[in-house]
Every structure is written in C-alpha cells, then in structure tokens.
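Chemist: Sharing coords_10.txt below, compact mmCIF, C-alpha atoms and all ligand atoms:
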```txt
# COMPACT_ATOMS: atom_id res chain seq x y z
CA MET W 9 92.29 113.49 78.08
CA LEU W 10 92.82 114.40 81.70
CA ALA W 11 95.30 111.61 82.19
CA HIS W 12 98.02 113.13 80.07
CA SER W 13 97.62 116.73 81.04
CA LEU W 14 97.91 116.28 84.79
CA VAL W 15 100.72 113.88 85.49
CA LYS W 16 104.34 114.54 84.78
CA ARG W 17 106.60 111.55 84.66
CA SER W 18 109.90 112.48 86.19
CA ASP W 19 113.16 110.81 85.18
CA THR W 20 115.15 112.14 88.10
CA ASP W 21 113.24 110.55 90.95
CA ALA W 22 112.41 107.24 89.32
CA PRO W 23 112.47 104.47 91.95
CA THR W 24 115.62 102.40 92.13
CA THR W 25 113.96 99.51 93.95
CA ARG W 26 112.86 96.57 91.88
CA VAL W 27 109.15 96.53 91.25
CA GLU W 28 106.85 93.68 90.46
CA PRO W 29 103.60 93.68 88.53
CA ARG W 30 100.46 94.32 90.49
CA ARG W 31 98.20 91.28 90.60
CA GLY W 32 94.47 91.69 90.35
CA GLY W 33 92.43 94.84 89.96
CA VAL W 34 92.76 98.07 91.85
CA LYS W 35 90.65 97.90 94.98
CA PHE W 36 91.99 100.85 96.94
CA LEU W 37 93.39 104.30 96.36
CA LEU W 38 95.63 104.54 99.41
CA LEU W 39 96.88 107.81 100.84
CA HIS W 40 100.24 108.38 102.53
CA HIS W 41 102.23 111.32 103.79
CA GLY W 42 105.83 112.15 103.07
CA THR W 43 107.26 110.55 106.22
CA CYS W 44 105.74 107.13 105.48
CA ALA W 45 108.57 104.63 105.62
CA GLY W 46 109.56 101.98 103.15
CA GLY W 47 107.09 102.57 100.41
CA ALA W 48 107.02 102.62 96.67
CA PHE W 49 104.17 104.86 95.53
CA HIS W 50 102.46 105.33 92.22
CA PHE W 51 101.96 109.06 92.57
CA ARG W 52 103.64 111.79 94.58
CA ILE W 53 102.07 115.20 95.17
CA ALA W 54 104.85 117.70 95.77
CA ASP W 55 104.72 120.78 98.03
CA ASP W 56 103.77 122.93 95.03
CA GLY W 57 100.90 120.62 94.09
CA GLU W 58 102.65 119.07 91.10
CA VAL W 59 101.79 115.40 90.57
CA HIS W 60 104.60 113.00 89.68
CA ALA W 61 104.11 109.41 88.51
CA GLU W 62 106.73 107.26 90.23
CA LEU W 63 105.45 103.79 89.39
CA ASP W 64 103.45 102.57 86.46
CA GLU W 65 99.89 101.78 87.45
CA SER W 66 100.47 98.18 86.36
CA GLU W 67 103.24 97.80 88.96
CA ARG W 68 102.82 96.79 92.57
CA GLY W 69 103.43 99.49 95.16
CA GLN W 70 103.58 99.23 98.94
CA HIS W 71 100.29 97.35 99.13
CA PRO W 72 98.67 94.82 96.79
CA ARG W 73 95.60 95.76 94.78
CA SER W 74 96.18 99.42 95.53
CA ILE W 75 97.31 102.62 93.88
CA GLY W 76 99.51 104.41 96.42
CA ILE W 77 99.47 108.20 96.56
CA VAL W 78 101.93 110.06 98.75
CA VAL W 79 101.43 113.72 99.62
CA ASP W 80 104.72 115.40 100.59
CA GLY W 81 104.82 116.76 104.13
CA ASP W 82 104.58 115.55 107.73
CA PHE W 83 100.88 115.63 108.54
CA GLU W 84 101.39 114.61 112.12
CA THR W 85 102.48 118.18 112.76
CA GLU W 86 100.99 120.25 109.93
CA ALA W 87 98.09 120.08 107.50
CA PRO W 88 98.56 119.71 103.74
CA SER W 89 98.22 122.93 101.74
CA GLU W 90 95.10 123.71 99.74
CA VAL W 91 97.08 123.49 96.51
CA GLN W 92 98.09 119.93 97.45
CA MET W 93 94.51 118.99 98.36
CA ALA W 94 93.20 120.44 95.07
CA ALA W 95 95.78 118.40 93.12
CA LEU W 96 94.85 115.32 95.15
CA ARG W 97 91.14 115.72 94.41
CA THR W 98 91.85 116.07 90.68
CA LEU W 99 94.05 112.96 90.75
CA LEU W 100 91.45 110.97 92.71
CA LEU W 101 88.77 111.95 90.20
CA GLU W 102 90.99 110.80 87.35
CA LEU W 103 91.75 107.48 89.06
CA LYS W 104 88.10 106.91 89.93
CA LEU W 105 87.27 107.25 86.24
CA ARG W 106 89.89 104.58 85.43
CA TYR W 107 89.07 102.32 88.38
CA PRO W 108 85.35 102.75 89.11
CA GLU W 109 85.37 99.96 91.70
CA SER W 110 88.20 101.43 93.75
CA GLU W 111 87.71 102.94 97.21
CA LEU W 112 89.56 105.71 98.93
CA GLY W 113 91.49 104.74 102.05
CA ALA W 114 94.18 105.87 104.47
CA HIS W 115 97.30 103.75 104.94
CA ARG W 116 96.41 103.32 108.62
CA GLN W 117 93.17 101.56 107.60
CA VAL W 118 94.99 98.68 105.89
CA ARG W 119 94.28 95.53 107.82
CA GLY W 120 97.40 93.79 109.09
CA ALA W 121 99.63 96.74 108.28
CA THR W 122 102.38 97.74 110.66
CA LYS W 123 100.87 100.13 113.18
CA THR W 124 100.97 103.58 111.67
CA THR W 125 99.13 106.89 111.81
CA CYS W 126 99.87 107.51 108.11
CA PRO W 127 98.87 109.87 106.45
CA GLY W 128 99.01 111.71 109.78
CA LYS W 129 96.64 113.18 112.36
CA ARG W 130 96.44 116.58 110.65
CA PHE W 131 95.54 115.12 107.25
CA PRO W 132 91.82 115.88 106.64
CA MET W 133 90.90 112.25 105.93
CA LYS W 134 87.31 112.53 107.14
CA ALA W 135 86.54 115.57 104.97
CA LEU W 136 88.19 113.93 101.98
CA ALA W 137 86.23 110.70 102.49
CA GLU W 138 83.00 112.70 102.62
CA TRP W 139 83.98 114.51 99.42
CA SER W 140 84.77 111.19 97.73
CA HIS W 141 81.25 109.97 98.52
CA ASN W 142 79.54 113.12 97.27
CA GLY W 143 81.55 115.65 95.28
CA LEU W 144 83.78 113.14 93.55
CA LEU W 145 80.90 111.08 92.23
CA ARG W 146 79.09 114.20 91.07
CA GLU W 147 82.20 115.44 89.26
CA ARG W 148 82.78 112.00 87.74
CA ASP W 149 79.23 111.88 86.39
CA GLU W 150 79.73 115.36 84.97
CA VAL W 151 82.92 114.28 83.15
CA LEU W 152 81.20 111.15 81.81
CA ARG W 153 78.25 113.21 80.63
CA ARG W 154 80.53 115.70 78.84
CA ASP W 155 82.46 112.83 77.18
CA PHE W 156 79.23 111.28 76.05
CA GLU W 157 77.89 114.52 74.64
CA SER W 158 81.15 115.35 72.83
CA GLN W 159 81.09 111.92 71.18
CA TYR W 160 77.47 112.28 70.29
CA SER W 161 77.97 115.66 68.63
CA GLN W 162 80.70 114.23 66.38
CA ILE W 163 78.34 111.78 64.68
ZN ZN X 201 101.82 105.28 104.51
```
What is this structure when it is put down as structure tokens?
Modeler:
Amino acid sequence: MLAHSLVKRSDTDAPTTRVEPRRGGVKFLLLHHGTCAGGAFHFRIADDGEVHAELDESERGQHPRSIGIVVDGDFETEAPSEVQMAALRTLLLELKLRYPESELGAHRQVRGATKTTCPGKRFPMKALAEWSHNGLLRERDEVLRRDFESQYSQI
C-alpha cells in the first residue's frame, strides 16, 4: 500500500515533547511552513521532498482534530520547491484516502489561532486548494477504482 512506501519514520528527529492522544476524528489536514513556532507536527516534508512521520496519527499535534503537515522552508520569502509540492500532493492524497471527511487548510485559517501568516505568503495555498477540489478527488477515485479492480480480479 501507498502508506508504507512513502513515509519514513525517523528515529533521530522524534519529538521530545510529551504528546497526548488526539480526540475525535480528523477534520483538517493543516499546512505549516518550517518557521512555524511551537508546533508538533505529524508529517514533515524536507527540502529534498522526503516525508518524515514525526507523530503517530493517533496523537494530538498543534491543533485538535487535525493532521499537521510542515513543509521545510520560510515561505514568507521563498516558494516551496516543486519536489516538495509533489511530495505534499502525494501525502495529501494518501491522507484523503484514510480520512475521507477531512479538509485541507492553512494554519492561518484556524479560528482563534494566534495571528499568523503560516504557511507563508509565497506558499501556493490557492492553487493547492483548487487542486484538492479537483485533481485530488480524481486521483483518489482512480486509486479506489484500481483497488477495487485488483480485488475483483483475485476472486
Ligand atoms: Zn503553522
């Protein structure tokens, strides 16, 4: 399955802060950039596009009912690389398959959050949101269809 091929769990940068279990289902897939302060994140996308799992999905990150994804870089001043965006889209597709009810959001959209521009002015949030409404759903349906057909052919 996708889930095991993509994500590498790293021992070296495991969080040292105490984590608590996440309560309730996953409602949001929240995006951050590398300069976001004070957060524990579920996934980190490194400069080279490698995806690292930093928290278990059952644990609570910076926000409740959310899976937090941080993309390394300061996107106030620069845009993320295409290799990072490609890795992010693959990860979002994978998460959308696991949490069909979840919605994509930027940290700055969280109601009641400390005022922030996270994930930064140069992060292409609008383009990514449009993709999540069109391309992501198409790709998800394609994966579901392939899974269905591969099961069917094994009977
Ligand atoms: Zn943030």
Chemist: Find, counting all atoms listed in the file, the residue in W:Arg119, W:His50, W:His71, W:Arg130 that gets nearest to Ser89 (chain W).
Modeler: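 Among W:Arg119, W:His50, W:His71, W:Arg130, it is W:Arg130 that comes nearest to Ser89 (chain W).
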Chemist: Restricting the calculation to all atoms listed in the file, which member of W:Leu39, W:Leu105, W:Val118, W:Val78 is positioned closest to Ala137 (chain W)?
Modeler: W:Leu39
Chemist: Have a look at CA of Val91 (chain W) and CA of Met133 (chain W) and let me know their distance in Å, one decimal.
Modeler: 15.9 Å
Chemist: Taking only C-alpha atoms and all ligand atoms into account, which of W:Ala95, W:Val79, W:Leu136, W:Ile53 comes nearest ligand ZN 201 (chain X)?
Modeler: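 Among the listed residues, the smallest separation from ligand ZN 201 (chain X) belongs to W:Val79.
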Chemist: Kindly provide, as AutoDock Vina command-line options, the centre and edge lengths (Å, one decimal) of an axis-aligned box around all atoms of region 47-55 of chain W given in the file, with 3 Å on each side.
Modeler:
```
--center_x 104.5 --center_y 111.7 --center_z 96.3 --size_x 11.1 --size_y 24.2 --size_z 14.2
```
Chemist: Which distance in Å separates CA of Trp139 (chain W) and CA of Glu111 (chain W), to one decimal?
Modeler: 12.4 Å
Chemist: Hey, which of W:Arg68, W:Lys104, W:Lys123, W:Arg73 ends up closest to ligand ZN 201 (chain X)? Count all atoms listed in the file.
Modeler: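 Going through W:Arg68, W:Lys104, W:Lys123, W:Arg73 one by one, the smallest distance to ligand ZN 201 (chain X) is for W:Lys123.
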Chemist: Show which residues sit within 12 Å of Pro127 (chain W), as a PyMOL selection string. Count only C-alpha atoms, and ignore same-chain residues fewer than 5 positions away.
Modeler: chain W and resi 38-45+76-88+113-118+132-134
Chemist: For ligand ZN 201 (chain X), which residue out of W:His60, W:Gly32, W:Leu103, W:Gly128 is the nearest one, using only C-alpha atoms and all ligand atoms?
Modeler: W:Gly128
